[in-house]
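Visitor: The following block contains the structure, expressed as structure tokens.
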Amino acid sequence: MFWAAIFLSAKNWLPWAAGFLLVAGLLLAWGYRATRIRGGLRLACVSLKILGIALLALCLLEPMWSGERAVPGANQLLVVADNSQGMQIRDRDAGKTRGERLQGLLADAEKGWLGGLNENFKVRPFLIDSRLQAVGDFSGLDFKGDGSSLTYAVKTLGERYRGQPVAGLILMTDGNATDVDEAMDFTGLPPVYPVVMGKGEPERDLAIRKVSVSQTSFEDAPVTLQVEVSVTGYKGESIMASVVEVSPGGTNTTMLSVTNQSAMERVKGQTQEVKDDTQPLVFRFLERPISPGSTFYWVTMMAKGDTKTSEATLLNNQQLVAVNRGEGPYRILYVSGRPNWEFKFLNRSVWDDPQLELMGLLRVAKREKMNFKSRVGENSNPLFRGFDRKTEETERYDQPVLIRLNAKDEAELRDGFPKSAEDLYRYHAVILDDLESEFFTQDQMSLVQRFVSDRGGGFLMLGGQESFNQGKYDNTPIGAMLPVYLDGHAEVTPVNNLKLALTREGWLQPWVRLRANEGEEQERYASMPALQVMNHTRSVKPGANVLATVQDNDGEKYPALVVQKFGYGRTAAITIGDLWRWGFHDEHMMADLQKAWRQTLRWLVADVPERVEIRAESARQEGHGAVRLKVRARDAVFKPLDNATVVVNLKSMPLPTATNTTALPEIKLTAEPSLSEPGLYETVFIPREAGGYVATAIATDANGVTAGTALTAWASDFAAEEFASLKPNRELMEKIARQTGGEVIDEDKLAAFAAKLPQRRAPVMETTAQPLWHTSWVFLLALTCFLAEWGLRRKSGLA
């Protein structure tokens, strides 16, 4: 535009200007001819003087300087200020907090940078913490908000002003958002110009960065809490972390405080010295919850001894963590071909366990108890001779004699092993012990396979004289899902004096171990009595894991415990047939055997689906701290249950440090069917208070029959999320700016940016023009040329 304007306004003068510059150049060359300046220096002096004269001559032609700028008052500019508690942080070597510096930028804004923007834009001020609020000015900044929904604010304002002329969004924050979603895309939104408050970390601070929860079937410590702590300014000092289980009171009305004496007795603490405060500390707590179901743990930390400087904040030194272990009871069906010691020890091991229920179906006799000699050609038993047809009594005569143990009611297992999915799927696992395949019909064996692959149940076969290959399970649906091959071992070679040992994979499975360390576990295995009964198998199937082996006197090893995934469930094979010998040795080994059985059964039922399940997932896009509750309901054969009514009852429990420890009233929500998945029901809950939440889902089918209930828990700890990181998140702000076409602005450059913002591209622009004569840079450039030429001559002694 500039050079076009020059050409149009001076096209009639160009011949004269060219002639003038040619004459001036010749005169200057002739003038320098008699001087001592030679070569390149003479050419430089002539060029500089010609350029200065040309610039002044150009101004006489009155060319116009043209450009574009935003039309005053036609575009909107959104200014968002962070009002969260995180802005109270004071950076290292900083005299003011981030919030105080933000208030300083906005204090005289009407007369400064913001006043200039008001002349060119319609400025819309907003405050953001856990929610977005439109305000008249920024006088309401108090930095008490319990969240920083920054990405929510950017997306919401982009949607709210879609289709309107928005020149940009100035976001004044430290960038530490509590609603970060890595998959979120900001493309297509108005340009965002983050003003990042803060340049580093505070001088001293402890912060719980992350708490990871893992669960195993290891009885002594089924829950592991791994606490990752960031430390700043504590090099050489000792940090103590502690964990206490906090559970609801008797009626779920109050949360047990950590100051309660009974709770303090359960506090576990660990101490570590900070050797390098650039690396996080990691604490591991092995916990055994007091009660089944959902449990909360209160994690805290502090520096031991006197501290010279106070921390930046104490709100990130504590965190509430929820652990969902399942309530049970988990029902296990044990089927044996004969009464044996194995069931006795199994039953005794879970007798006092509220989460495991063992139902036994034991065959005490096969077909006939006595054989009566019949007449030639007579097929029926002679005791029934004289009847016209085979009665119900004669039909039962040749059936195996079964006894039921621990049955829930009179009807359970009355007709023997289940023949329908409705009857079998009520169990979580099935154990077969010393029972041949001919005991089952083909349909029953296929049903057991579907129980594992489709329903997701657990299956375990124990060794015995009629198990595995000796039970003729090869080429059957049950044999197909075992983790070992059964073919190729028609002949059995006796083995004895077998010593049990764990494999490398076995050492990695907590449920296989009984001791806390490897040394004690190896000592335990060395003291175990030798075993005498084992079923040979050809080999292990691909994908299966051998967790334990036995070794005979010749050093030959055989697989003893093999596991694998099968469909949605899992299967296991224990080829040993006399583990009961372990319990006969002494009292301690009896306790070990019972503990081993409990851990094995817990592993077998772990992750087995229930008819009704509930899961809490973060739904930050729905609001601050929002949780989406997903309920999956299934019918008796574990198909998706449609047309169900799902109600979710919510109970809340305040944090242990809350002033008011009374729980809020119970909330009842109705979950709606999902459009994406059959049998899935969803509802969204947005908590207003920090604390622990327990949700109980009740699903009822179309006939009004309760399909089942499920429970889950989670913790909403707003302060822990807000102060998880105190270092300004410049990376997030750069990502938002880059995707929207904006740029990150330093707080000390805000005024200069605001002055240039009207010249940036905006939805509504106008063209401006002014004479080149009125621009100062032309004269400065000409003056620079003359001074440079004079300097060169002075350097040569001619000035």
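Letters for chains follow the order of the structure tokens (A, B, ...), residue numbers begin at 1 for each chain, and ligand numbers begin at 1 in the order shown.
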Which neighbours of A:Pro673 fall inside 10 Å, counting only C-alpha atoms, when residues of the same chain fewer than 2 positions from it are skipped, and could you give them as a ChimeraX atom specification?

Guide: /A:630-632,642-646,670-671,675-683

Visitor: Would you put the residues from that selection into a file with N, CA and C atoms, as a CSV table (one decimal), in the first residue's frame?

Guide:
```csv
chain,number,residue,atom,x,y,z
A,630,LYS,N,-21.6,-43.7,35.7
A,630,LYS,CA,-22.0,-44.6,34.7
A,630,LYS,C,-22.4,-45.9,35.4
A,631,VAL,N,-23.7,-46.3,35.1
A,631,VAL,CA,-24.2,-47.6,35.7
A,631,VAL,C,-24.5,-48.5,34.6
A,632,ARG,N,-23.9,-49.7,34.7
A,632,ARG,CA,-24.2,-50.8,33.7
A,632,ARG,C,-25.0,-51.9,34.4
A,642,ASP,N,-32.2,-53.5,29.3
A,642,ASP,CA,-32.8,-52.3,28.9
A,642,ASP,C,-34.1,-52.0,29.6
A,643,ASN,N,-34.7,-50.9,29.4
A,643,ASN,CA,-36.0,-50.5,30.1
A,643,ASN,C,-35.9,-50.6,31.6
A,644,ALA,N,-34.8,-50.4,32.2
A,644,ALA,CA,-34.6,-50.4,33.6
A,644,ALA,C,-34.7,-49.1,34.2
A,645,THR,N,-35.0,-49.0,35.5
A,645,THR,CA,-35.1,-47.8,36.3
A,645,THR,C,-33.9,-47.8,37.2
A,646,VAL,N,-33.0,-46.8,37.1
A,646,VAL,CA,-31.8,-46.8,37.8
A,646,VAL,C,-31.8,-45.5,38.7
A,670,THR,N,-31.5,-39.7,39.2
A,670,THR,CA,-32.0,-40.7,38.3
A,670,THR,C,-31.1,-40.8,37.1
A,671,ALA,N,-30.6,-41.9,36.8
A,671,ALA,CA,-29.7,-42.1,35.7
A,671,ALA,C,-30.5,-42.4,34.4
A,675,LEU,N,-27.3,-43.3,24.9
A,675,LEU,CA,-27.6,-43.5,23.5
A,675,LEU,C,-26.5,-44.3,22.8
A,676,SER,N,-25.4,-44.4,23.4
A,676,SER,CA,-24.2,-45.1,22.8
A,676,SER,C,-24.0,-46.5,23.1
A,677,GLU,N,-24.6,-47.0,24.2
A,677,GLU,CA,-24.4,-48.4,24.6
A,677,GLU,C,-25.6,-48.9,25.3
A,678,PRO,N,-26.1,-50.1,24.9
A,678,PRO,CA,-27.2,-50.7,25.6
A,678,PRO,C,-26.9,-51.1,27.0
A,679,GLY,N,-27.8,-51.0,27.9
A,679,GLY,CA,-27.6,-51.3,29.3
A,679,GLY,C,-26.8,-50.3,30.1
A,680,LEU,N,-26.4,-49.2,29.5
A,680,LEU,CA,-25.7,-48.2,30.2
A,680,LEU,C,-26.6,-47.0,30.6
A,681,TYR,N,-26.5,-46.6,31.8
A,681,TYR,CA,-27.3,-45.5,32.3
A,681,TYR,C,-26.3,-44.4,32.9
A,682,GLU,N,-26.6,-43.2,32.7
A,682,GLU,CA,-25.7,-42.1,33.1
A,682,GLU,C,-26.4,-41.0,33.8
A,683,THR,N,-25.7,-40.3,34.7
A,683,THR,CA,-26.1,-39.1,35.3
A,683,THR,C,-24.9,-38.3,35.7
```

Visitor: Restrict the calculation to only C-alpha atoms, then for each residue of stretch 577-674 of chain A with any atom at most 10 Å from an atom of stretch 330-334 of chain A give the closest atom pair and their distance in Å to one decimal, rows by chain and rising residue number, as a Markdown table.

Guide:
```
| residue | atom | partner | partner_atom | distance |
| --- | --- | --- | --- | --- |
| A:Leu601 | CA | A:Ile332 | CA | 8.2 |
| A:Arg602 | CA | A:Tyr330 | CA | 8.6 |
| A:Leu604 | CA | A:Ile332 | CA | 9.2 |
| A:Val605 | CA | A:Tyr330 | CA | 6.9 |
| A:Ala606 | CA | A:Tyr330 | CA | 9.2 |
| A:Val608 | CA | A:Tyr330 | CA | 9.2 |
| A:Glu610 | CA | A:Tyr330 | CA | 9.7 |
```

Visitor: For the residues in that selection, give me C-alpha atoms as a compact mmCIF listing (two decimals), in the first residue's frame.

Guide:
```txt
# COMPACT_ATOMS: atom_id res chain seq x y z
CA LEU A 601 -9.90 -67.34 45.92
CA ARG A 602 -9.72 -63.55 46.05
CA LEU A 604 -10.07 -65.91 41.26
CA VAL A 605 -13.05 -63.58 41.86
CA ALA A 606 -11.17 -60.30 41.32
CA VAL A 608 -15.53 -60.60 37.94
CA GLU A 610 -21.58 -57.95 38.81
```

Visitor: Within 12 Å of A:Ala616, counting only C-alpha atoms, which residues qualify if same-chain residues fewer than 5 places away don't, as a PDB file with N, CA, C and O atoms, in the first residue's frame?

Guide:
```pdb
ATOM      1  N   ALA A 322      -9.909 -41.992  47.754  1.00  0.00           N
ATOM      2  CA  ALA A 322     -10.939 -43.028  47.851  1.00  0.00           C
ATOM      3  C   ALA A 322     -10.415 -44.342  47.284  1.00  0.00           C
ATOM      4  O   ALA A 322      -9.709 -44.358  46.277  1.00  0.00           O
ATOM      5  N   ASN A 324     -11.957 -48.185  46.253  1.00  0.00           N
ATOM      6  CA  ASN A 324     -13.128 -49.036  46.058  1.00  0.00           C
ATOM      7  C   ASN A 324     -12.672 -50.485  45.940  1.00  0.00           C
ATOM      8  O   ASN A 324     -12.022 -50.862  44.965  1.00  0.00           O
ATOM      9  N   GLY A 625     -15.290 -29.824  39.056  1.00  0.00           N
ATOM     10  CA  GLY A 625     -15.431 -30.990  39.905  1.00  0.00           C
ATOM     11  C   GLY A 625     -16.514 -31.953  39.477  1.00  0.00           C
ATOM     12  O   GLY A 625     -16.838 -32.894  40.223  1.00  0.00           O
ATOM     13  N   ALA A 626     -17.096 -31.778  38.295  1.00  0.00           N
ATOM     14  CA  ALA A 626     -18.213 -32.617  37.859  1.00  0.00           C
ATOM     15  C   ALA A 626     -17.780 -34.067  37.694  1.00  0.00           C
ATOM     16  O   ALA A 626     -16.672 -34.360  37.256  1.00  0.00           O
ATOM     17  N   VAL A 627     -18.684 -34.975  38.049  1.00  0.00           N
ATOM     18  CA  VAL A 627     -18.437 -36.410  37.958  1.00  0.00           C
ATOM     19  C   VAL A 627     -19.585 -37.043  37.180  1.00  0.00           C
ATOM     20  O   VAL A 627     -20.760 -36.765  37.447  1.00  0.00           O
ATOM     21  N   ARG A 628     -19.239 -37.868  36.206  1.00  0.00           N
ATOM     22  CA  ARG A 628     -20.247 -38.618  35.458  1.00  0.00           C
ATOM     23  C   ARG A 628     -20.336 -40.020  36.056  1.00  0.00           C
ATOM     24  O   ARG A 628     -19.362 -40.752  36.103  1.00  0.00           O
ATOM     25  N   LEU A 629     -21.520 -40.365  36.530  1.00  0.00           N
ATOM     26  CA  LEU A 629     -21.755 -41.675  37.115  1.00  0.00           C
ATOM     27  C   LEU A 629     -22.336 -42.590  36.049  1.00  0.00           C
ATOM     28  O   LEU A 629     -23.410 -42.323  35.514  1.00  0.00           O
ATOM     29  N   LYS A 630     -21.606 -43.656  35.725  1.00  0.00           N
ATOM     30  CA  LYS A 630     -22.028 -44.614  34.714  1.00  0.00           C
ATOM     31  C   LYS A 630     -22.443 -45.913  35.390  1.00  0.00           C
ATOM     32  O   LYS A 630     -21.647 -46.528  36.114  1.00  0.00           O
ATOM     33  N   VAL A 631     -23.677 -46.332  35.133  1.00  0.00           N
ATOM     34  CA  VAL A 631     -24.210 -47.552  35.723  1.00  0.00           C
ATOM     35  C   VAL A 631     -24.487 -48.541  34.598  1.00  0.00           C
ATOM     36  O   VAL A 631     -25.225 -48.227  33.659  1.00  0.00           O
ATOM     37  N   ARG A 632     -23.890 -49.725  34.695  1.00  0.00           N
ATOM     38  CA  ARG A 632     -24.155 -50.797  33.729  1.00  0.00           C
ATOM     39  C   ARG A 632     -25.007 -51.863  34.395  1.00  0.00           C
ATOM     40  O   ARG A 632     -24.622 -52.400  35.442  1.00  0.00           O
ATOM     41  N   VAL A 648     -29.664 -43.415  41.766  1.00  0.00           N
ATOM     42  CA  VAL A 648     -28.370 -43.284  42.418  1.00  0.00           C
ATOM     43  C   VAL A 648     -28.541 -42.434  43.667  1.00  0.00           C
ATOM     44  O   VAL A 648     -28.965 -41.273  43.578  1.00  0.00           O
ATOM     45  N   LEU A 650     -26.757 -40.529  46.756  1.00  0.00           N
ATOM     46  CA  LEU A 650     -25.458 -39.939  47.066  1.00  0.00           C
ATOM     47  C   LEU A 650     -25.401 -39.501  48.523  1.00  0.00           C
ATOM     48  O   LEU A 650     -26.318 -38.847  49.028  1.00  0.00           O
ATOM     49  N   GLU A 682     -26.599 -43.163  32.686  1.00  0.00           N
ATOM     50  CA  GLU A 682     -25.662 -42.109  33.090  1.00  0.00           C
ATOM     51  C   GLU A 682     -26.388 -40.964  33.779  1.00  0.00           C
ATOM     52  O   GLU A 682     -27.548 -40.677  33.493  1.00  0.00           O
ATOM     53  N   THR A 683     -25.655 -40.312  34.681  1.00  0.00           N
ATOM     54  CA  THR A 683     -26.096 -39.072  35.289  1.00  0.00           C
ATOM     55  C   THR A 683     -24.852 -38.285  35.689  1.00  0.00           C
ATOM     56  O   THR A 683     -23.775 -38.861  35.876  1.00  0.00           O
ATOM     57  N   VAL A 684     -24.985 -36.978  35.801  1.00  0.00           N
ATOM     58  CA  VAL A 684     -23.859 -36.099  36.133  1.00  0.00           C
ATOM     59  C   VAL A 684     -24.136 -35.426  37.467  1.00  0.00           C
ATOM     60  O   VAL A 684     -25.251 -34.940  37.713  1.00  0.00           O
ATOM     61  N   PHE A 685     -23.119 -35.399  38.314  1.00  0.00           N
ATOM     62  CA  PHE A 685     -23.226 -34.743  39.613  1.00  0.00           C
ATOM     63  C   PHE A 685     -22.095 -33.731  39.740  1.00  0.00           C
ATOM     64  O   PHE A 685     -20.938 -34.035  39.455  1.00  0.00           O
ATOM     65  N   ILE A 686     -22.442 -32.506  40.157  1.00  0.00           N
ATOM     66  CA  ILE A 686     -21.458 -31.443  40.358  1.00  0.00           C
ATOM     67  C   ILE A 686     -21.408 -31.120  41.846  1.00  0.00           C
ATOM     68  O   ILE A 686     -22.349 -30.545  42.386  1.00  0.00           O
ATOM     69  N   TYR A 693     -17.426 -38.695  48.680  1.00  0.00           N
ATOM     70  CA  TYR A 693     -18.781 -38.968  48.197  1.00  0.00           C
ATOM     71  C   TYR A 693     -18.931 -40.466  47.949  1.00  0.00           C
ATOM     72  O   TYR A 693     -18.026 -41.109  47.394  1.00  0.00           O
ATOM     73  N   VAL A 694     -20.065 -41.006  48.372  1.00  0.00           N
ATOM     74  CA  VAL A 694     -20.386 -42.409  48.179  1.00  0.00           C
ATOM     75  C   VAL A 694     -21.689 -42.488  47.403  1.00  0.00           C
ATOM     76  O   VAL A 694     -22.700 -41.887  47.804  1.00  0.00           O
ATOM     77  N   ALA A 695     -21.677 -43.201  46.280  1.00  0.00           N
ATOM     78  CA  ALA A 695     -22.859 -43.336  45.428  1.00  0.00           C
ATOM     79  C   ALA A 695     -23.297 -44.797  45.414  1.00  0.00           C
ATOM     80  O   ALA A 695     -22.482 -45.695  45.189  1.00  0.00           O
ATOM     81  N   THR A 696     -24.578 -45.009  45.641  1.00  0.00           N
ATOM     82  CA  THR A 696     -25.159 -46.345  45.598  1.00  0.00           C
ATOM     83  C   THR A 696     -26.197 -46.387  44.490  1.00  0.00           C
ATOM     84  O   THR A 696     -27.160 -45.611  44.506  1.00  0.00           O
ATOM     85  N   ALA A 697     -25.996 -47.263  43.510  1.00  0.00           N
ATOM     86  CA  ALA A 697     -26.916 -47.400  42.381  1.00  0.00           C
ATOM     87  C   ALA A 697     -27.831 -48.594  42.614  1.00  0.00           C
ATOM     88  O   ALA A 697     -27.366 -49.669  43.003  1.00  0.00           O
ATOM     89  N   ALA A 710     -25.048 -51.457  43.421  1.00  0.00           N
ATOM     90  CA  ALA A 710     -23.594 -51.277  43.287  1.00  0.00           C
ATOM     91  C   ALA A 710     -23.203 -49.997  44.004  1.00  0.00           C
ATOM     92  O   ALA A 710     -24.008 -49.077  44.146  1.00  0.00           O
ATOM     93  N   LEU A 711     -21.956 -49.954  44.430  1.00  0.00           N
ATOM     94  CA  LEU A 711     -21.476 -48.820  45.223  1.00  0.00           C
ATOM     95  C   LEU A 711     -20.114 -48.378  44.729  1.00  0.00           C
ATOM     96  O   LEU A 711     -19.277 -49.210  44.335  1.00  0.00           O
ATOM     97  N   THR A 712     -19.892 -47.082  44.735  1.00  0.00           N
ATOM     98  CA  THR A 712     -18.577 -46.528  44.417  1.00  0.00           C
ATOM     99  C   THR A 712     -18.366 -45.261  45.228  1.00  0.00           C
ATOM    100  O   THR A 712     -19.324 -44.675  45.754  1.00  0.00           O
ATOM    101  N   ALA A 713     -17.124 -44.860  45.343  1.00  0.00           N
ATOM    102  CA  ALA A 713     -16.789 -43.659  46.115  1.00  0.00           C
ATOM    103  C   ALA A 713     -15.691 -42.890  45.405  1.00  0.00           C
ATOM    104  O   ALA A 713     -14.908 -43.448  44.639  1.00  0.00           O
ATOM    105  N   TRP A 714     -15.659 -41.598  45.642  1.00  0.00           N
ATOM    106  CA  TRP A 714     -14.593 -40.754  45.111  1.00  0.00           C
ATOM    107  C   TRP A 714     -14.424 -39.555  46.032  1.00  0.00           C
ATOM    108  O   TRP A 714     -15.275 -39.275  46.887  1.00  0.00           O
ATOM    109  N   ALA A 715     -13.311 -38.878  45.874  1.00  0.00           N
ATOM    110  CA  ALA A 715     -13.003 -37.704  46.690  1.00  0.00           C
ATOM    111  C   ALA A 715     -12.924 -36.474  45.809  1.00  0.00           C
ATOM    112  O   ALA A 715     -12.303 -36.508  44.740  1.00  0.00           O
ATOM    113  N   SER A 716     -13.571 -35.408  46.249  1.00  0.00           N
ATOM    114  CA  SER A 716     -13.464 -34.104  45.582  1.00  0.00           C
ATOM    115  C   SER A 716     -12.682 -33.187  46.515  1.00  0.00           C
ATOM    116  O   SER A 716     -13.206 -32.720  47.530  1.00  0.00           O
TER     117      SER A 716
END
```

Visitor: For stretch 439-454 of chain A, find every residue with an atom within 10 Å (counting only C-alpha atoms), except residues of its own chain fewer than 5 positions away, and show them as a ChimeraX atom specification.

Guide: /A:337,363,366,400,417-421,424-430,459,471,473,476-482,565-571,608,637-639

Visitor: Quick one: everything within 9 Å of stretch 744-760 of chain A, counting only C-alpha atoms, minus sequence neighbours fewer than 4 positions away in the same chain. Send it as a ChimeraX atom specification.

Guide: /A:67-72,101-102,105,112-114,116-117,120-121,167,172,192-198,730,733-734,737-738

Visitor: Restricted to N, CA, C and O atoms, what would the selected residues look like written as a CSV table (one decimal), in the first residue's frame?

Guide:
```
chain,number,residue,atom,x,y,z
A,67,GLY,N,-2.7,2.2,5.8
A,67,GLY,CA,-2.6,1.0,6.6
A,67,GLY,C,-4.0,0.6,7.1
A,67,GLY,O,-5.0,1.2,6.6
A,68,GLU,N,-4.2,-0.4,7.9
A,68,GLU,CA,-5.4,-0.9,8.4
A,68,GLU,C,-5.4,-0.9,10.0
A,68,GLU,O,-4.4,-1.1,10.6
A,69,ARG,N,-6.6,-0.7,10.6
A,69,ARG,CA,-6.7,-0.8,12.0
A,69,ARG,C,-8.1,-1.2,12.4
A,69,ARG,O,-9.0,-1.1,11.5
A,70,ALA,N,-8.3,-1.7,13.6
A,70,ALA,CA,-9.7,-2.1,14.0
A,70,ALA,C,-10.5,-0.8,14.1
A,70,ALA,O,-10.1,0.2,14.6
A,71,VAL,N,-11.8,-1.0,13.6
A,71,VAL,CA,-12.7,0.1,13.7
A,71,VAL,C,-13.0,0.4,15.2
A,71,VAL,O,-13.5,-0.5,15.9
A,72,PRO,N,-12.8,1.6,15.7
A,72,PRO,CA,-13.1,1.9,17.1
A,72,PRO,C,-14.5,1.6,17.5
A,72,PRO,O,-15.5,2.0,16.8
A,101,ARG,N,0.2,-8.6,42.2
A,101,ARG,CA,0.7,-8.0,41.0
A,101,ARG,C,-0.4,-7.9,39.9
A,101,ARG,O,-0.4,-6.9,39.1
A,102,LEU,N,-1.3,-8.8,39.9
A,102,LEU,CA,-2.4,-8.7,39.0
A,102,LEU,C,-3.3,-7.5,39.3
A,102,LEU,O,-3.7,-6.8,38.4
A,105,LEU,N,-1.6,-4.4,38.0
A,105,LEU,CA,-1.8,-4.2,36.6
A,105,LEU,C,-3.2,-3.6,36.3
A,105,LEU,O,-3.4,-2.9,35.3
A,112,GLY,N,-4.5,3.7,32.0
A,112,GLY,CA,-3.3,3.2,31.3
A,112,GLY,C,-3.7,2.3,30.1
A,112,GLY,O,-4.5,2.7,29.2
A,113,TRP,N,-3.2,1.1,30.1
A,113,TRP,CA,-3.4,0.2,28.9
A,113,TRP,C,-4.8,-0.2,28.7
A,113,TRP,O,-5.2,-0.3,27.5
A,114,LEU,N,-5.6,-0.4,29.7
A,114,LEU,CA,-7.0,-0.8,29.5
A,114,LEU,C,-7.8,0.4,29.0
A,114,LEU,O,-8.7,0.2,28.3
A,116,GLY,N,-6.7,2.7,27.0
A,116,GLY,CA,-6.5,2.8,25.6
A,116,GLY,C,-7.3,1.8,24.8
A,116,GLY,O,-7.8,2.0,23.7
A,117,LEU,N,-7.4,0.6,25.4
A,117,LEU,CA,-8.2,-0.5,24.7
A,117,LEU,C,-9.7,-0.1,24.7
A,117,LEU,O,-10.4,-0.4,23.7
A,120,ASN,N,-10.8,1.8,21.7
A,120,ASN,CA,-10.8,1.1,20.4
A,120,ASN,C,-11.7,-0.2,20.4
A,120,ASN,O,-12.1,-0.6,19.3
A,121,PHE,N,-12.0,-0.7,21.6
A,121,PHE,CA,-12.8,-2.0,21.6
A,121,PHE,C,-13.9,-1.8,22.7
A,121,PHE,O,-13.8,-1.0,23.6
A,167,ALA,N,-12.1,-9.4,18.9
A,167,ALA,CA,-10.7,-9.1,18.5
A,167,ALA,C,-9.8,-10.1,19.2
A,167,ALA,O,-8.7,-10.4,18.7
A,172,MET,N,-5.5,-13.3,32.1
A,172,MET,CA,-4.5,-12.9,33.1
A,172,MET,C,-4.5,-14.0,34.2
A,172,MET,O,-5.4,-14.0,35.0
A,192,VAL,N,-6.3,-15.9,21.7
A,192,VAL,CA,-6.1,-15.8,23.1
A,192,VAL,C,-4.7,-15.3,23.4
A,192,VAL,O,-3.7,-15.8,22.9
A,193,TYR,N,-4.7,-14.2,24.3
A,193,TYR,CA,-3.4,-13.6,24.6
A,193,TYR,C,-3.2,-13.8,26.1
A,193,TYR,O,-3.6,-12.9,26.9
A,194,PRO,N,-2.6,-14.9,26.6
A,194,PRO,CA,-2.4,-15.1,28.0
A,194,PRO,C,-1.3,-14.2,28.6
A,194,PRO,O,-0.3,-14.0,27.9
A,195,VAL,N,-1.6,-13.6,29.7
A,195,VAL,CA,-0.7,-12.8,30.4
A,195,VAL,C,-0.3,-13.6,31.6
A,195,VAL,O,-1.0,-13.7,32.6
A,196,VAL,N,0.9,-14.3,31.6
A,196,VAL,CA,1.3,-15.2,32.6
A,196,VAL,C,1.9,-14.5,33.8
A,196,VAL,O,2.9,-13.8,33.7
A,197,MET,N,1.2,-14.6,34.9
A,197,MET,CA,1.6,-14.0,36.2
A,197,MET,C,2.5,-15.0,36.9
A,197,MET,O,2.1,-16.2,37.2
A,198,GLY,N,3.7,-14.6,37.3
A,198,GLY,CA,4.6,-15.4,38.0
A,198,GLY,C,5.7,-15.9,37.0
A,198,GLY,O,5.4,-16.2,35.9
A,730,ARG,N,3.2,-22.3,31.9
A,730,ARG,CA,3.4,-21.5,30.7
A,730,ARG,C,3.2,-22.4,29.4
A,730,ARG,O,2.7,-21.9,28.4
A,733,MET,N,-0.5,-22.3,28.5
A,733,MET,CA,-0.9,-21.1,27.9
A,733,MET,C,-0.3,-20.9,26.5
A,733,MET,O,-1.0,-20.4,25.6
A,734,GLU,N,0.9,-21.4,26.2
A,734,GLU,CA,1.5,-21.3,24.9
A,734,GLU,C,0.7,-22.2,23.9
A,734,GLU,O,0.5,-21.8,22.7
A,737,ALA,N,-2.5,-20.3,23.1
A,737,ALA,CA,-2.2,-19.2,22.2
A,737,ALA,C,-1.9,-19.6,20.8
A,737,ALA,O,-2.3,-19.0,19.8
A,738,ARG,N,-1.1,-20.7,20.7
A,738,ARG,CA,-0.7,-21.2,19.4
A,738,ARG,C,-1.9,-21.7,18.6
A,738,ARG,O,-2.0,-21.4,17.4
```

Visitor: Show me, as a ChimeraX atom specification, the residues that have an atom within 9 Å of A:Leu77 when counting only C-alpha atoms, minus same-chain residues fewer than 5 positions from it.

Guide: /A:117-118,121-125,165-170

Visitor: Only N, CA and C atoms, please: the residues just picked out, written as a compact mmCIF listing (two decimals), in the first residue's frame.

Guide:
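Written out: part_9.txt:
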```txt
# COMPACT_ATOMS: atom_id res chain seq x y z
N LEU A 117 -7.41 0.56 25.38
CA LEU A 117 -8.19 -0.48 24.71
C LEU A 117 -9.67 -0.12 24.69
N ASN A 118 -10.13 0.56 25.73
CA ASN A 118 -11.55 0.98 25.77
C ASN A 118 -11.89 1.96 24.66
N PHE A 121 -12.00 -0.72 21.56
CA PHE A 121 -12.78 -1.95 21.63
C PHE A 121 -13.89 -1.82 22.68
N LYS A 122 -14.85 -2.71 22.57
CA LYS A 122 -15.84 -2.88 23.63
C LYS A 122 -15.26 -3.93 24.59
N VAL A 123 -14.70 -3.48 25.67
CA VAL A 123 -14.02 -4.36 26.60
C VAL A 123 -15.05 -5.03 27.51
N ARG A 124 -15.01 -6.38 27.59
CA ARG A 124 -15.90 -7.16 28.44
C ARG A 124 -15.07 -7.83 29.54
N PRO A 125 -15.18 -7.38 30.80
CA PRO A 125 -14.39 -7.98 31.88
C PRO A 125 -15.07 -9.23 32.47
N PRO A 165 -18.13 -10.09 16.43
CA PRO A 165 -16.76 -9.61 16.17
C PRO A 165 -15.95 -9.53 17.46
N VAL A 166 -15.10 -10.50 17.70
CA VAL A 166 -14.25 -10.54 18.88
C VAL A 166 -12.80 -10.43 18.43
N ALA A 167 -12.13 -9.38 18.87
CA ALA A 167 -10.74 -9.15 18.47
C ALA A 167 -9.79 -10.07 19.20
N GLY A 168 -10.17 -10.55 20.39
CA GLY A 168 -9.29 -11.42 21.14
C GLY A 168 -9.73 -11.56 22.58
N LEU A 169 -8.97 -12.40 23.30
CA LEU A 169 -9.25 -12.66 24.71
C LEU A 169 -7.95 -12.54 25.47
N ILE A 170 -7.88 -11.59 26.38
CA ILE A 170 -6.71 -11.42 27.24
C ILE A 170 -6.97 -12.19 28.53
```

Visitor: Identify, on the basis of only C-alpha atoms, every residue whose closest approach to A:Leu127 does not exceed 8 Å; exclude the query and any residue fewer than 6 positions from it along the same chain; express the result as a list in words.

Guide: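 In the requested format, the answer is Val80, Ala81, Asp82, Asn83, Gln133, Ala134, Val135, Phe138 and Leu141 of chain A.
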
Visitor: If you run DSSP over the backbone, which residues in stretch 149-255 of chain A end up alpha helix (DSSP H)? Put them as a PyMOL selection string.

Guide: chain A and resi 150-160
